[in-house]
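This is query_35.txt (compact mmCIF, C-alpha atoms).
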```
# COMPACT_ATOMS: atom_id res chain seq x y z
CA MET A 1 40.06 15.17 134.18
CA ALA A 2 38.42 12.26 132.36
CA ASN A 3 35.42 14.46 131.50
CA ILE A 4 37.73 17.17 130.14
CA LEU A 5 39.58 14.59 128.03
CA SER A 6 36.43 13.06 126.55
CA GLU A 7 34.92 16.48 125.86
CA SER A 8 38.13 17.67 124.19
CA LEU A 9 38.36 14.61 121.97
CA SER A 10 34.71 14.95 121.00
CA LEU A 11 35.08 18.61 120.08
CA ARG A 12 38.27 17.87 118.20
CA GLY A 13 36.51 15.16 116.15
CA LYS A 14 33.67 17.53 115.27
CA ARG A 15 36.07 20.24 114.12
CA GLU A 16 38.09 17.80 112.02
CA ARG A 17 34.93 16.53 110.28
CA ARG A 18 33.71 20.08 109.67
CA LEU A 19 36.99 21.29 108.17
CA LYS A 20 37.59 18.00 106.27
CA LEU A 21 41.24 17.97 107.10
CA GLU A 22 43.32 15.94 104.64
CA CYS A 23 46.78 17.34 105.07
CA PRO A 24 49.02 15.44 107.55
CA VAL A 25 50.44 18.77 108.74
CA GLU A 26 46.99 19.94 109.81
CA GLN A 27 46.34 16.68 111.62
CA VAL A 28 49.62 16.99 113.53
CA LEU A 29 48.79 20.59 114.44
CA THR A 30 45.33 19.55 115.65
CA LEU A 31 46.80 16.84 117.91
CA SER A 32 49.48 19.22 119.21
CA ILE A 33 46.95 21.90 120.05
CA SER A 34 44.72 19.36 121.82
CA SER A 35 47.56 17.99 123.95
CA LEU A 36 48.76 21.47 124.87
CA PHE A 37 45.26 22.55 125.81
CA LEU A 38 44.89 19.54 128.07
CA SER A 39 48.30 20.07 129.65
CA ALA A 40 47.42 23.73 130.26
CA GLY A 41 44.17 22.71 131.95
CA GLY A 42 41.92 24.26 129.29
CA LYS A 43 39.24 23.05 126.93
CA MET A 44 39.17 22.87 123.15
CA GLY A 45 38.62 26.32 121.72
CA PRO A 46 40.62 29.54 121.49
CA PRO A 47 43.50 29.41 123.98
CA GLY A 48 42.97 31.31 127.16
CA ASN A 49 44.00 29.25 130.20
CA GLY A 50 47.25 27.76 131.38
CA THR A 51 50.71 29.21 131.90
CA PRO A 52 51.84 32.19 129.74
CA ARG A 53 54.38 30.10 127.81
CA ALA A 54 51.83 27.38 127.11
CA ARG A 55 49.25 29.95 125.98
CA ALA A 56 51.78 31.60 123.63
CA LEU A 57 52.76 28.26 122.06
CA VAL A 58 49.16 27.16 121.67
CA ARG A 59 48.28 30.50 120.07
CA LYS A 60 51.06 30.12 117.50
CA LEU A 61 49.99 26.60 116.63
CA TRP A 62 46.35 27.65 116.39
CA ASN A 63 47.15 30.50 113.98
CA LEU A 64 49.34 28.22 111.86
CA ARG A 65 46.53 25.67 111.65
CA LEU A 66 44.01 28.32 110.57
CA GLN A 67 46.39 29.64 107.90
CA SER A 68 46.86 26.13 106.50
CA VAL A 69 43.10 25.59 106.31
CA ARG A 70 42.59 28.94 104.57
CA ARG A 71 45.26 28.15 101.98
CA ARG A 72 43.63 24.84 101.18
CA SER A 73 40.19 26.39 100.90
CA THR A 74 41.37 29.12 98.48
CA ALA A 75 43.27 26.66 96.23
CA THR A 76 40.47 25.44 93.96
CA PRO A 77 40.92 22.39 91.70
CA SER A 78 40.52 24.50 88.56
CA SER A 79 43.38 26.84 89.49
CA ASN A 80 45.66 23.92 90.32
CA GLN A 81 44.78 22.26 87.04
CA ASN A 82 45.58 25.39 85.06
CA ALA A 83 48.85 25.94 86.91
CA GLN A 84 50.22 22.51 86.06
CA PRO A 85 51.20 21.52 82.52
CA ARG A 86 48.82 18.90 81.21
CA SER A 87 51.49 17.06 79.29
CA GLY A 88 50.21 13.57 80.02
CA ARG A 89 46.68 13.94 78.68
CA VAL A 90 45.67 12.78 75.22
CA GLY A 91 43.42 15.74 74.40
CA PRO A 92 46.07 18.51 74.44
CA VAL A 93 48.55 16.28 72.59
CA LEU A 94 46.06 15.59 69.80
CA SER A 95 45.17 19.28 69.63
CA SER A 96 48.86 20.20 69.28
CA ALA A 97 49.33 17.55 66.59
CA ILE A 98 46.34 18.77 64.55
CA THR A 99 47.37 22.42 64.89
CA CYS A 100 50.96 21.81 63.83
CA GLY A 101 49.97 19.45 61.02
CA GLY A 102 47.47 21.95 59.62
CA PHE A 103 49.97 24.80 59.72
CA SER A 104 52.64 22.60 58.08
CA LEU A 105 50.24 21.71 55.26
CA LEU A 106 49.35 25.38 54.78
CA SER A 107 52.99 26.39 54.81
CA ASP A 108 54.07 23.83 52.20
CA THR A 109 51.10 24.72 49.97
CA MET A 110 52.11 28.39 50.07
CA VAL A 111 55.74 27.53 49.26
CA GLN A 112 54.72 25.32 46.35
CA GLY A 113 52.52 28.13 45.05
CA MET A 114 55.51 30.49 45.05
CA GLU A 115 57.65 27.84 43.39
CA LEU A 116 55.03 27.34 40.66
CA HIS A 117 54.91 31.07 40.05
CA SER A 118 58.70 31.23 39.80
CA ALA A 119 58.80 28.19 37.47
CA LYS A 120 56.28 29.76 35.12
CA ARG A 121 58.32 32.92 34.95
CA LEU A 122 61.45 30.90 34.09
CA GLU A 123 59.45 28.69 31.68
CA HIS A 124 60.12 25.51 33.64
CA GLU A 125 57.58 22.73 33.82
CA LYS A 126 56.42 22.23 37.40
CA ALA A 127 53.17 21.05 38.95
CA TYR A 128 51.72 21.04 42.45
CA ASP A 129 52.95 18.00 44.39
CA PRO A 130 50.23 16.75 46.78
CA VAL A 131 52.50 13.95 48.03
CA ARG A 132 55.05 16.49 49.21
CA ALA A 133 52.31 18.47 50.99
CA THR A 134 51.08 15.26 52.64
CA ARG A 135 54.61 14.48 53.82
CA MET A 136 54.85 17.86 55.52
CA PHE A 137 51.41 17.42 57.10
CA GLY A 138 52.49 14.03 58.44
CA PHE A 139 55.70 15.52 59.83
CA GLY A 140 53.76 18.19 61.74
CA PHE A 141 50.96 15.87 62.88
CA LEU A 142 52.95 12.79 63.87
CA PHE A 143 56.22 14.31 65.07
CA TYR A 144 56.61 18.07 65.36
CA GLY A 145 53.30 18.87 67.09
CA PRO A 146 53.54 16.23 69.85
CA LEU A 147 57.25 17.01 70.29
CA GLN A 148 56.50 20.70 70.86
CA HIS A 149 53.75 19.85 73.36
CA PHE A 150 55.97 17.74 75.62
CA TRP A 151 59.01 19.97 75.09
CA TYR A 152 57.29 23.19 76.19
CA ALA A 153 55.66 21.39 79.13
CA LEU A 154 59.11 20.19 80.22
CA LEU A 155 60.60 23.68 79.93
CA ASP A 156 57.71 25.14 81.91
CA ARG A 157 58.24 22.63 84.73
CA ARG A 158 61.98 23.22 84.90
CA PHE A 159 61.92 27.00 84.40
CA HIS A 160 58.47 28.08 85.60
CA ARG A 161 59.21 31.72 86.49
CA ARG A 162 58.33 33.56 83.30
CA SER A 163 59.50 37.03 84.35
CA TYR A 164 62.73 35.73 85.96
CA PHE A 165 65.45 36.44 83.39
CA PRO A 166 67.68 33.37 84.03
CA HIS A 167 64.65 31.07 83.52
CA PHE A 168 63.55 33.00 80.43
CA ALA A 169 67.05 32.97 78.91
CA SER A 170 67.49 29.26 79.67
CA LYS A 171 64.29 28.38 77.82
CA VAL A 172 65.22 30.46 74.77
CA ALA A 173 68.76 29.00 74.68
CA LEU A 174 67.64 25.39 75.09
CA ASN A 175 64.99 25.87 72.42
CA GLN A 176 67.68 26.86 69.91
CA VAL A 177 70.51 24.57 71.00
CA VAL A 178 68.44 21.39 71.54
CA LEU A 179 65.09 21.58 69.74
CA GLY A 180 66.19 23.49 66.63
CA PRO A 181 68.92 21.08 65.44
CA ILE A 182 66.70 18.09 66.19
CA VAL A 183 63.86 19.47 64.07
CA VAL A 184 66.13 20.33 61.12
CA MET A 185 67.70 16.87 61.09
CA SER A 186 64.31 15.23 61.51
CA VAL A 187 62.68 17.03 58.59
CA PHE A 188 65.62 16.20 56.29
CA THR A 189 65.45 12.53 57.33
CA TRP A 190 61.65 12.43 57.11
CA ASN A 191 61.49 13.71 53.53
CA LEU A 192 64.40 11.71 52.15
CA VAL A 193 63.33 8.43 53.77
CA LEU A 194 59.75 8.77 52.51
CA GLN A 195 61.11 9.51 49.04
CA ARG A 196 63.31 6.38 49.29
CA LYS A 197 66.44 8.49 49.06
CA ALA A 198 67.93 7.86 52.49
CA HIS A 199 71.35 7.32 50.86
CA GLN A 200 71.40 11.07 50.06
CA LEU A 201 71.05 12.09 53.72
CA GLY A 202 74.80 12.39 54.37
CA GLU A 203 75.32 14.66 51.38
CA LYS A 204 72.26 16.69 52.30
CA VAL A 205 73.47 17.22 55.86
CA LYS A 206 76.93 18.33 54.70
CA LYS A 207 75.44 20.78 52.22
CA ASP A 208 72.43 22.33 53.98
CA TYR A 209 72.28 21.33 57.67
CA LEU A 210 74.48 24.03 59.21
CA ALA A 211 73.02 26.80 57.05
CA SER A 212 69.48 25.72 58.00
CA VAL A 213 70.30 25.69 61.73
CA VAL A 214 71.88 29.16 61.58
CA ASN A 215 68.94 30.57 59.60
CA GLY A 216 66.66 28.98 62.18
CA TRP A 217 68.40 30.89 64.96
CA LYS A 218 67.86 34.15 63.10
CA PHE A 219 64.14 33.50 62.92
CA TRP A 220 63.38 31.57 66.11
CA ILE A 221 65.31 33.53 68.73
CA PRO A 222 62.94 36.55 68.44
CA ALA A 223 59.92 34.26 68.07
CA ALA A 224 60.88 32.10 71.06
CA SER A 225 61.59 35.19 73.16
CA ALA A 226 58.07 36.49 72.54
CA ASN A 227 56.66 33.01 73.14
CA PHE A 228 58.29 32.39 76.53
CA TRP A 229 57.87 35.96 77.78
CA LEU A 230 54.29 36.74 76.71
CA ILE A 231 52.41 33.56 75.80
CA PRO A 232 50.92 31.21 78.48
CA LEU A 233 51.84 27.54 78.36
CA GLN A 234 48.45 26.42 77.00
CA LYS A 235 48.89 28.66 73.90
CA GLN A 236 52.60 28.20 73.23
CA VAL A 237 52.26 25.33 70.76
CA PHE A 238 49.64 27.28 68.78
CA PHE A 239 51.80 30.41 68.71
CA MET A 240 54.96 28.59 67.67
CA SER A 241 53.03 26.56 65.09
CA ALA A 242 51.67 29.79 63.62
CA CYS A 243 55.22 31.17 63.48
CA SER A 244 56.36 27.91 61.89
CA ILE A 245 54.31 28.68 58.78
CA VAL A 246 57.37 30.64 57.66
CA TRP A 247 59.92 28.22 59.06
CA THR A 248 58.24 25.03 57.84
CA GLY A 249 57.98 26.58 54.41
CA TYR A 250 61.72 27.20 54.48
CA LEU A 251 62.41 23.63 55.67
CA SER A 252 60.15 22.22 52.97
CA TYR A 253 61.96 24.26 50.36
CA ALA A 254 65.41 23.36 51.73
CA SER A 255 64.67 19.64 52.14
CA ASN A 256 63.31 19.37 48.58
CA LEU A 257 65.85 21.69 46.98
CA ALA A 258 68.28 19.01 45.86
CA THR A 259 65.51 16.83 44.44
CA ASP A 260 63.97 19.70 42.49
CA ASN A 261 67.37 20.73 41.09
CA LYS A 262 68.03 17.21 39.89
CA LYS A 263 64.63 17.11 38.18
CA VAL A 264 65.43 20.36 36.38
CA GLU A 265 68.82 19.03 35.31
CA ARG A 266 67.26 15.85 33.93
CA SER A 267 64.65 17.81 32.02
CA ASN A 268 67.34 20.10 30.58
CA ARG A 269 69.43 17.12 29.48
CA ALA A 270 66.41 15.49 27.85
CA GLY A 271 65.67 18.73 26.02
CA SER A 272 69.25 19.09 24.77
CA LYS A 273 69.33 15.52 23.50
CA ALA A 274 66.08 16.03 21.64
```
Here is a file; write its structure as structure tokens.
Amino acid sequence: MANILSESLSLRGKRERRLKLECPVEQVLTLSISSLFLSAGGKMGPPGNGTPRARALVRKLWNLRLQSVRRRSTATPSSNQNAQPRSGRVGPVLSSAITCGGFSLLSDTMVQGMELHSAKRLEHEKAYDPVRATRMFGFGFLFYGPLQHFWYALLDRRFHRRSYFPHFASKVALNQVVLGPIVVMSVFTWNLVLQRKAHQLGEKVKKDYLASVVNGWKFWIPAASANFWLIPLQKQVFFMSACSIVWTGYLSYASNLATDNKKVERSNRAGSKA
């Protein structure tokens, strides 16, 4: 009996080193199989000796152990890394910030170009405002891009089944009810504070906030539906930032609308006095 025990422990140690078992479940299964083999009077290896009930139990444990080892061997580090959102790493966050900042700058430049064209047609004096474009770039780079990165990673962790309609609908709804109003309020605050006109924020919110949120729903519900249904997590910030060329242009126009109107009124008054 002592020889059987020493031989069984030796063979068990060799198998554990060969399979590099790290999971506690596999270790427990290995010990259970060894003890059952010894109680059945057999040796380490495929079950064959002992009572019928002991052989059946050992066979089940053996198959379960092999299935666990196979699952661990097929799960490569690269697949696990791709399956999990990499929301805590600096590289993806910086990439999202640069992408969103670049698209915000492009969007505001396009909007200012259309405004210049309209001003020329109405014979109003208006020039390209690089400070305004820089403000929108800073908003996308410092706030909107990183916010989108962590927000979409959070949604993917909470509602990870893309083709499951309740998860899909929850992500679209939360994107409009939570993220949309936050972004609209943030861009209004960002522009007015940097222009040293924070005292106008209350009036601006009363006048344009609700209309901007509702217009955002009209645009973003279809865009978010395509994003959450078709686009993988790693590309969602890029896709939504590309869509935000239109939306950021609208926000830039809406957040600077009151300021531009007041400039026009002052110029008209100066012209009438002259």
Problem - Interatomic distance (Å, one decimal) between CA of Gly101 (chain A) and CA of His117 (chain A) - result: 24.5 Å
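Nearest residue to Cys100 (chain A) among A:Val183, A:Leu142, A:Val131, A:Leu192 is A:Leu142, counting only C-alpha atoms.
In this model, the gap between CA of Phe219 (chain A) and CA of Tyr253 (chain A) comes to 15.7 Å.
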Fill in the blank from the handout: CA of Leu116 (chain A) to CA of Pro130 (chain A) measures 13.1 Å
Problem - Counting only C-alpha atoms, the option among A:Ala224, A:Val93, A:Ala254, A:Val246 closest to Lys207 (chain A) - result: A:Ala254
Problem - Minimum-distance residue to Phe165 (chain A), chosen among A:Phe228, A:Gly216, A:Phe137, A:Glu125 (using only C-alpha atoms) - result: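 The answer is A:Phe228, which sits nearest to Phe165 (chain A).
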